[in-house]
Every structure is written in C-alpha cells, then in structure tokens.
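Data file: coords_23.pdb. Format and content: PDB, C-alpha atoms.
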```pdb
ATOM      1  CA  MET K   1      30.893  30.561   0.040  1.00  0.00           C
ATOM      2  CA  LYS K   2      33.942  28.591  -1.040  1.00  0.00           C
ATOM      3  CA  LYS K   3      35.258  28.912  -4.604  1.00  0.00           C
ATOM      4  CA  HIS K   4      35.653  25.704  -6.621  1.00  0.00           C
ATOM      5  CA  PRO K   5      39.377  25.193  -7.365  1.00  0.00           C
ATOM      6  CA  THR K   6      38.995  24.552 -11.118  1.00  0.00           C
ATOM      7  CA  PRO K   7      36.582  25.619 -13.864  1.00  0.00           C
ATOM      8  CA  VAL K   8      33.363  23.610 -13.706  1.00  0.00           C
ATOM      9  CA  LEU K   9      33.130  23.573 -17.524  1.00  0.00           C
ATOM     10  CA  THR K  10      35.920  23.589 -20.099  1.00  0.00           C
ATOM     11  CA  ALA K  11      36.081  23.728 -23.895  1.00  0.00           C
ATOM     12  CA  GLU K  12      37.140  20.077 -23.967  1.00  0.00           C
ATOM     13  CA  GLN K  13      33.685  19.081 -22.680  1.00  0.00           C
ATOM     14  CA  VAL K  14      31.890  20.672 -25.662  1.00  0.00           C
ATOM     15  CA  PRO K  15      30.997  17.854 -28.105  1.00  0.00           C
ATOM     16  CA  TYR K  16      30.273  19.986 -31.195  1.00  0.00           C
ATOM     17  CA  ASN K  17      32.410  22.022 -33.598  1.00  0.00           C
ATOM     18  CA  GLN K  18      34.770  19.038 -33.575  1.00  0.00           C
ATOM     19  CA  ASP K  19      36.189  20.131 -36.941  1.00  0.00           C
ATOM     20  CA  LYS K  20      37.303  23.447 -35.404  1.00  0.00           C
ATOM     21  CA  PRO K  21      39.529  23.939 -32.390  1.00  0.00           C
ATOM     22  CA  ARG K  22      37.403  24.769 -29.356  1.00  0.00           C
ATOM     23  CA  SER K  23      39.036  27.689 -27.690  1.00  0.00           C
ATOM     24  CA  CYS K  24      37.090  28.626 -24.603  1.00  0.00           C
ATOM     25  CA  VAL K  25      33.759  28.567 -22.822  1.00  0.00           C
ATOM     26  CA  PHE K  26      32.366  31.211 -20.529  1.00  0.00           C
ATOM     27  CA  ASN K  27      30.059  30.006 -17.753  1.00  0.00           C
ATOM     28  CA  ALA K  28      27.707  32.894 -18.300  1.00  0.00           C
ATOM     29  CA  GLY K  29      24.223  31.993 -17.078  1.00  0.00           C
ATOM     30  CA  VAL K  30      23.048  29.377 -14.571  1.00  0.00           C
ATOM     31  CA  ALA K  31      19.635  28.729 -13.012  1.00  0.00           C
ATOM     32  CA  LYS K  32      18.157  25.868 -11.028  1.00  0.00           C
ATOM     33  CA  ILE K  33      15.049  24.729 -12.876  1.00  0.00           C
ATOM     34  CA  ASN K  34      12.894  21.775 -11.830  1.00  0.00           C
ATOM     35  CA  GLY K  35      15.623  20.501  -9.486  1.00  0.00           C
ATOM     36  CA  GLU K  36      18.370  20.604 -12.124  1.00  0.00           C
ATOM     37  CA  TYR K  37      21.051  23.221 -12.692  1.00  0.00           C
ATOM     38  CA  LEU K  38      21.057  24.515 -16.257  1.00  0.00           C
ATOM     39  CA  MET K  39      23.964  26.497 -17.664  1.00  0.00           C
ATOM     40  CA  VAL K  40      23.721  28.443 -20.904  1.00  0.00           C
ATOM     41  CA  PHE K  41      27.302  29.172 -21.897  1.00  0.00           C
ATOM     42  CA  ARG K  42      29.164  31.022 -24.599  1.00  0.00           C
ATOM     43  CA  ASN K  43      31.297  28.736 -26.761  1.00  0.00           C
ATOM     44  CA  ASP K  44      34.019  30.475 -28.788  1.00  0.00           C
ATOM     45  CA  TYR K  45      35.960  28.390 -31.245  1.00  0.00           C
ATOM     46  CA  GLU K  46      38.893  28.540 -33.618  1.00  0.00           C
ATOM     47  CA  TYR K  47      40.925  31.443 -32.267  1.00  0.00           C
ATOM     48  CA  LEU K  48      43.182  32.930 -34.905  1.00  0.00           C
ATOM     49  CA  LYS K  49      46.362  34.621 -33.696  1.00  0.00           C
ATOM     50  CA  ARG K  50      44.851  34.930 -30.204  1.00  0.00           C
ATOM     51  CA  THR K  51      42.794  37.991 -31.186  1.00  0.00           C
ATOM     52  CA  LEU K  52      40.098  36.797 -33.563  1.00  0.00           C
ATOM     53  CA  PHE K  53      37.933  33.689 -33.681  1.00  0.00           C
ATOM     54  CA  SER K  54      35.787  32.181 -36.395  1.00  0.00           C
ATOM     55  CA  GLY K  55      32.605  31.641 -34.421  1.00  0.00           C
ATOM     56  CA  THR K  56      30.536  31.697 -31.276  1.00  0.00           C
ATOM     57  CA  ASN K  57      27.411  29.829 -30.268  1.00  0.00           C
ATOM     58  CA  LEU K  58      25.476  29.161 -27.098  1.00  0.00           C
ATOM     59  CA  GLY K  59      25.469  25.747 -25.494  1.00  0.00           C
ATOM     60  CA  LEU K  60      23.478  24.118 -22.720  1.00  0.00           C
ATOM     61  CA  ALA K  61      24.991  22.075 -19.890  1.00  0.00           C
ATOM     62  CA  ARG K  62      23.104  20.231 -17.148  1.00  0.00           C
ATOM     63  CA  SER K  63      24.115  19.306 -13.609  1.00  0.00           C
ATOM     64  CA  GLN K  64      22.581  17.783 -10.509  1.00  0.00           C
ATOM     65  CA  ASP K  65      25.106  19.382  -8.141  1.00  0.00           C
ATOM     66  CA  GLY K  66      26.272  22.568  -9.914  1.00  0.00           C
ATOM     67  CA  ILE K  67      29.838  21.220 -10.179  1.00  0.00           C
ATOM     68  CA  ASN K  68      29.739  18.240 -12.581  1.00  0.00           C
ATOM     69  CA  TRP K  69      28.248  19.191 -15.951  1.00  0.00           C
ATOM     70  CA  THR K  70      27.101  17.336 -19.063  1.00  0.00           C
ATOM     71  CA  VAL K  71      26.890  19.363 -22.269  1.00  0.00           C
ATOM     72  CA  ASP K  72      23.979  18.774 -24.667  1.00  0.00           C
ATOM     73  CA  PRO K  73      25.133  17.290 -28.010  1.00  0.00           C
ATOM     74  CA  GLU K  74      24.344  20.373 -30.140  1.00  0.00           C
ATOM     75  CA  PRO K  75      24.471  24.121 -29.568  1.00  0.00           C
ATOM     76  CA  ILE K  76      21.151  25.567 -28.489  1.00  0.00           C
ATOM     77  CA  LEU K  77      21.477  28.926 -30.234  1.00  0.00           C
ATOM     78  CA  THR K  78      23.581  29.997 -33.185  1.00  0.00           C
ATOM     79  CA  VAL K  79      23.725  33.064 -35.392  1.00  0.00           C
ATOM     80  CA  GLU K  80      22.072  31.040 -38.145  1.00  0.00           C
ATOM     81  CA  MET K  81      19.175  30.065 -35.877  1.00  0.00           C
ATOM     82  CA  ILE K  82      18.591  33.695 -34.897  1.00  0.00           C
ATOM     83  CA  ARG K  83      18.684  34.799 -38.532  1.00  0.00           C
ATOM     84  CA  GLU K  84      16.120  32.152 -39.432  1.00  0.00           C
ATOM     85  CA  GLN K  85      13.769  32.387 -36.450  1.00  0.00           C
ATOM     86  CA  TRP K  86      13.792  36.167 -35.961  1.00  0.00           C
ATOM     87  CA  ALA K  87      13.958  37.448 -39.535  1.00  0.00           C
ATOM     88  CA  HIS K  88      10.392  38.805 -39.355  1.00  0.00           C
ATOM     89  CA  ILE K  89      10.885  40.916 -36.231  1.00  0.00           C
ATOM     90  CA  PHE K  90      14.101  42.828 -36.852  1.00  0.00           C
ATOM     91  CA  PRO K  91      13.809  46.586 -36.914  1.00  0.00           C
ATOM     92  CA  ASP K  92      14.725  48.477 -40.053  1.00  0.00           C
ATOM     93  CA  ARG K  93      18.088  49.512 -38.610  1.00  0.00           C
ATOM     94  CA  PHE K  94      19.763  46.228 -39.552  1.00  0.00           C
ATOM     95  CA  MET K  95      19.092  42.912 -41.228  1.00  0.00           C
ATOM     96  CA  PRO K  96      19.349  39.477 -39.610  1.00  0.00           C
ATOM     97  CA  SER K  97      22.160  38.631 -42.036  1.00  0.00           C
ATOM     98  CA  GLU K  98      24.278  41.328 -40.353  1.00  0.00           C
ATOM     99  CA  ILE K  99      24.466  39.496 -37.025  1.00  0.00           C
ATOM    100  CA  ARG K 100      28.058  38.368 -36.568  1.00  0.00           C
ATOM    101  CA  ARG K 101      27.883  36.519 -33.267  1.00  0.00           C
ATOM    102  CA  VAL K 102      25.682  35.761 -30.273  1.00  0.00           C
ATOM    103  CA  TYR K 103      27.100  35.599 -26.765  1.00  0.00           C
ATOM    104  CA  ASP K 104      26.987  36.213 -23.008  1.00  0.00           C
ATOM    105  CA  PRO K 105      23.570  34.879 -21.991  1.00  0.00           C
ATOM    106  CA  ARG K 106      22.000  35.527 -18.602  1.00  0.00           C
ATOM    107  CA  ILE K 107      19.182  33.136 -17.695  1.00  0.00           C
ATOM    108  CA  THR K 108      16.162  33.118 -15.401  1.00  0.00           C
ATOM    109  CA  VAL K 109      12.687  31.623 -15.190  1.00  0.00           C
ATOM    110  CA  PHE K 110       9.677  33.898 -15.500  1.00  0.00           C
ATOM    111  CA  ASP K 111       6.059  32.700 -15.572  1.00  0.00           C
ATOM    112  CA  GLY K 112       7.167  29.140 -16.324  1.00  0.00           C
ATOM    113  CA  LYS K 113       9.287  30.131 -19.352  1.00  0.00           C
ATOM    114  CA  ILE K 114      13.043  30.228 -19.601  1.00  0.00           C
ATOM    115  CA  VAL K 115      13.983  33.828 -20.341  1.00  0.00           C
ATOM    116  CA  PHE K 116      17.421  35.112 -21.098  1.00  0.00           C
ATOM    117  CA  CYS K 117      19.300  38.192 -22.176  1.00  0.00           C
ATOM    118  CA  LEU K 118      22.074  37.937 -24.734  1.00  0.00           C
ATOM    119  CA  ALA K 119      24.353  40.159 -26.774  1.00  0.00           C
ATOM    120  CA  MET K 120      24.666  40.185 -30.564  1.00  0.00           C
ATOM    121  CA  ASP K 121      27.368  41.893 -32.631  1.00  0.00           C
ATOM    122  CA  THR K 122      26.308  43.784 -35.746  1.00  0.00           C
ATOM    123  CA  PRO K 123      28.164  46.241 -38.006  1.00  0.00           C
ATOM    124  CA  HIS K 124      26.203  48.982 -36.239  1.00  0.00           C
ATOM    125  CA  GLY K 125      27.369  47.993 -32.760  1.00  0.00           C
ATOM    126  CA  VAL K 126      26.374  45.515 -30.083  1.00  0.00           C
ATOM    127  CA  VAL K 127      22.665  45.022 -29.461  1.00  0.00           C
ATOM    128  CA  GLY K 128      21.041  43.307 -26.523  1.00  0.00           C
ATOM    129  CA  ALA K 129      18.144  40.929 -26.900  1.00  0.00           C
ATOM    130  CA  ILE K 130      15.689  39.285 -24.556  1.00  0.00           C
ATOM    131  CA  ALA K 131      14.419  35.883 -25.649  1.00  0.00           C
ATOM    132  CA  SER K 132      12.359  33.046 -24.227  1.00  0.00           C
ATOM    133  CA  THR K 133      12.061  29.332 -24.904  1.00  0.00           C
ATOM    134  CA  THR K 134      10.247  26.303 -23.584  1.00  0.00           C
ATOM    135  CA  ASP K 135      12.129  23.643 -25.586  1.00  0.00           C
ATOM    136  CA  TRP K 136      15.699  24.956 -26.219  1.00  0.00           C
ATOM    137  CA  LYS K 137      15.049  24.766 -29.986  1.00  0.00           C
ATOM    138  CA  ASN K 138      12.644  27.589 -30.717  1.00  0.00           C
ATOM    139  CA  TYR K 139      13.148  31.072 -29.389  1.00  0.00           C
ATOM    140  CA  GLU K 140      10.766  33.967 -29.157  1.00  0.00           C
ATOM    141  CA  CYS K 141      12.440  37.348 -29.364  1.00  0.00           C
ATOM    142  CA  LEU K 142      10.854  39.606 -26.761  1.00  0.00           C
ATOM    143  CA  SER K 143      13.023  42.686 -27.275  1.00  0.00           C
ATOM    144  CA  ILE K 144      16.042  44.028 -29.178  1.00  0.00           C
ATOM    145  CA  SER K 145      17.872  47.124 -27.995  1.00  0.00           C
ATOM    146  CA  THR K 146      19.474  49.837 -30.036  1.00  0.00           C
ATOM    147  CA  PRO K 147      23.250  49.741 -30.489  1.00  0.00           C
ATOM    148  CA  ASP K 148      25.470  49.989 -28.361  1.00  0.00           C
ATOM    149  CA  ASN K 149      23.938  48.156 -25.447  1.00  0.00           C
ATOM    150  CA  ARG K 150      25.779  44.963 -24.549  1.00  0.00           C
ATOM    151  CA  ASN K 151      25.257  44.695 -20.818  1.00  0.00           C
ATOM    152  CA  MET K 152      21.518  45.044 -20.596  1.00  0.00           C
TER     153      MET K 152
END
```
Would you mind writing the file out in structure tokens?
Amino acid sequence: MKKHPTPVLTAEQVPYNQDKPRSCVFNAGVAKINGEYLMVFRNDYEYLKRTLFSGTNLGLARSQDGINWTVDPEPILTVEMIREQWAHIFPDRFMPSEIRRVYDPRITVFDGKIVFCLAMDTPHGVVGAIASTTDWKNYECLSISTPDNRNM
C-alpha cells in the first residue's frame, strides 16, 4: 500500500468554529458504508501557548475515493450534546457536566448501525464510551468504562 503524500483532511477544511482558530484535525476513524467513505475525526481548536486548547468536537467528512473529503457543515458530536443526550445514563461516579472533551473516535458498522468508541476527559480520568447512531444527530450510549481507560 502506498502512503498518500499529504494529509487527506486538514483543519482548514472544517467549516465550523469559524470564530476560533482551528488548530488541528486527527483522521481517527474511517469506514466504508453504503459505498461511501465516512470519516469521524477529532477537531481541536484554539490552541493556547501550544499546550492547551479551548475545545474539541467530532466532525464527519465524506468521500467517494478515500482521498478527497467534504466536511459536514456542523460537528456531529460535542461535549454539550453528550451532556444533554446521556444525562440519564451516567453512573454515580461523575456527572455529565464534568465531561471536559470528547475525542479519538473509532468507527464500524454493526447490525446496520454505526457504532463507535470514543474517549472523554473527566476530572476523575479518561473514560471510554461506546455509542451508536443511525442519523449522526442522536446517539445511544451503549457503555461507559471506569477511569482511566482511553484506548478501549
């Protein structure tokens, strides 16, 4: 297999968080679904002094060839969305409001649903989660690990 000479997705291609400097994207999870490549990527923005950043969200990019990508106009998963959609299922060890960021998705298809693993930072350590979606707007939380378990 030959490596592509440049990144297939860059921060400049991300159309949201325009009011904050987009710092970097990580091409974290790709699957071919219904003849189309789908990439769920980590989008970090507004790096401060090259060590901290103000936020992270997950975006979705689509491609017919796996090289040329078009990013959806809005992030598909944010900390705020997780806090809102999963508030009822969090274990007693932490509250949804304690989630600081969501990142590093890995994606697959299982029984016709898009399923992915992701990491979430909390004051108690990193937790891993498994989620599924059929519409990229609503997410069912299937599992949350105990801290510290980033690389499920």
Apply the PyMOL selection byres ((chain K and resi 68) around 12) to the file shown and report the selected residues as a PyMOL selection string.
chain K and resi 4+6-10+13+36-39+61-67+69-71
Between CA of Ser97 (chain K) and CA of Ser143 (chain K), distance in Å (one decimal):
17.8 Å
To test your reading of the syntax: which residues would the PyMOL selection byres ((chain K and resi 45) around 9) return for the file shown? Reply as a ChimeraX atom specification.
/K:11,17,20-25,43-44,46-47,53-57
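Residues selected in this file by the PyMOL selection byres ((chain K and resi 112-125) around 6) comprise Glu98, Ile99, Arg100, Arg101, Val102, Tyr103, Asp104, Pro105, Arg106, Ile107, Thr108, Val109, Phe110, Asp111, Val126, Val127, Gly128, Ala129, Ile130, Ala131, Ser132, Thr133, Thr134, Pro147, Asp148 and Arg150 of chain K.
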Just give me the residues with any atom within 6 Å of (13.6, 36.9, -30.3), file coordinates, counting all atoms listed in the file, written as a PyMOL selection string.
chain K and resi 86+131+139-142
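Here CA of Tyr16 (chain K) stands at a distance of 9.4 Å from CA of Gly59 (chain K).
With CA of Lys3 (chain K) on one side and CA of Gly29 (chain K) on the other, the separation reads 16.9 Å.
Take the candidates K:Leu60, K:Ile82, K:Ile89, K:Val30 and check each one against Asn138 (chain K) using all atoms listed in the file; the shortest distance goes to K:Ile82.
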Please return the centre and edge lengths, in Å to one decimal, of a box with edges along x, y and z that contains all listed atoms of region 3-15 of chain K, widened by 6 Å on every side, as AutoDock Vina command-line options.
```
--center_x 35.2 --center_y 23.4 --center_z -16.4 --size_x 20.4 --size_y 23.1 --size_z 35.5
```
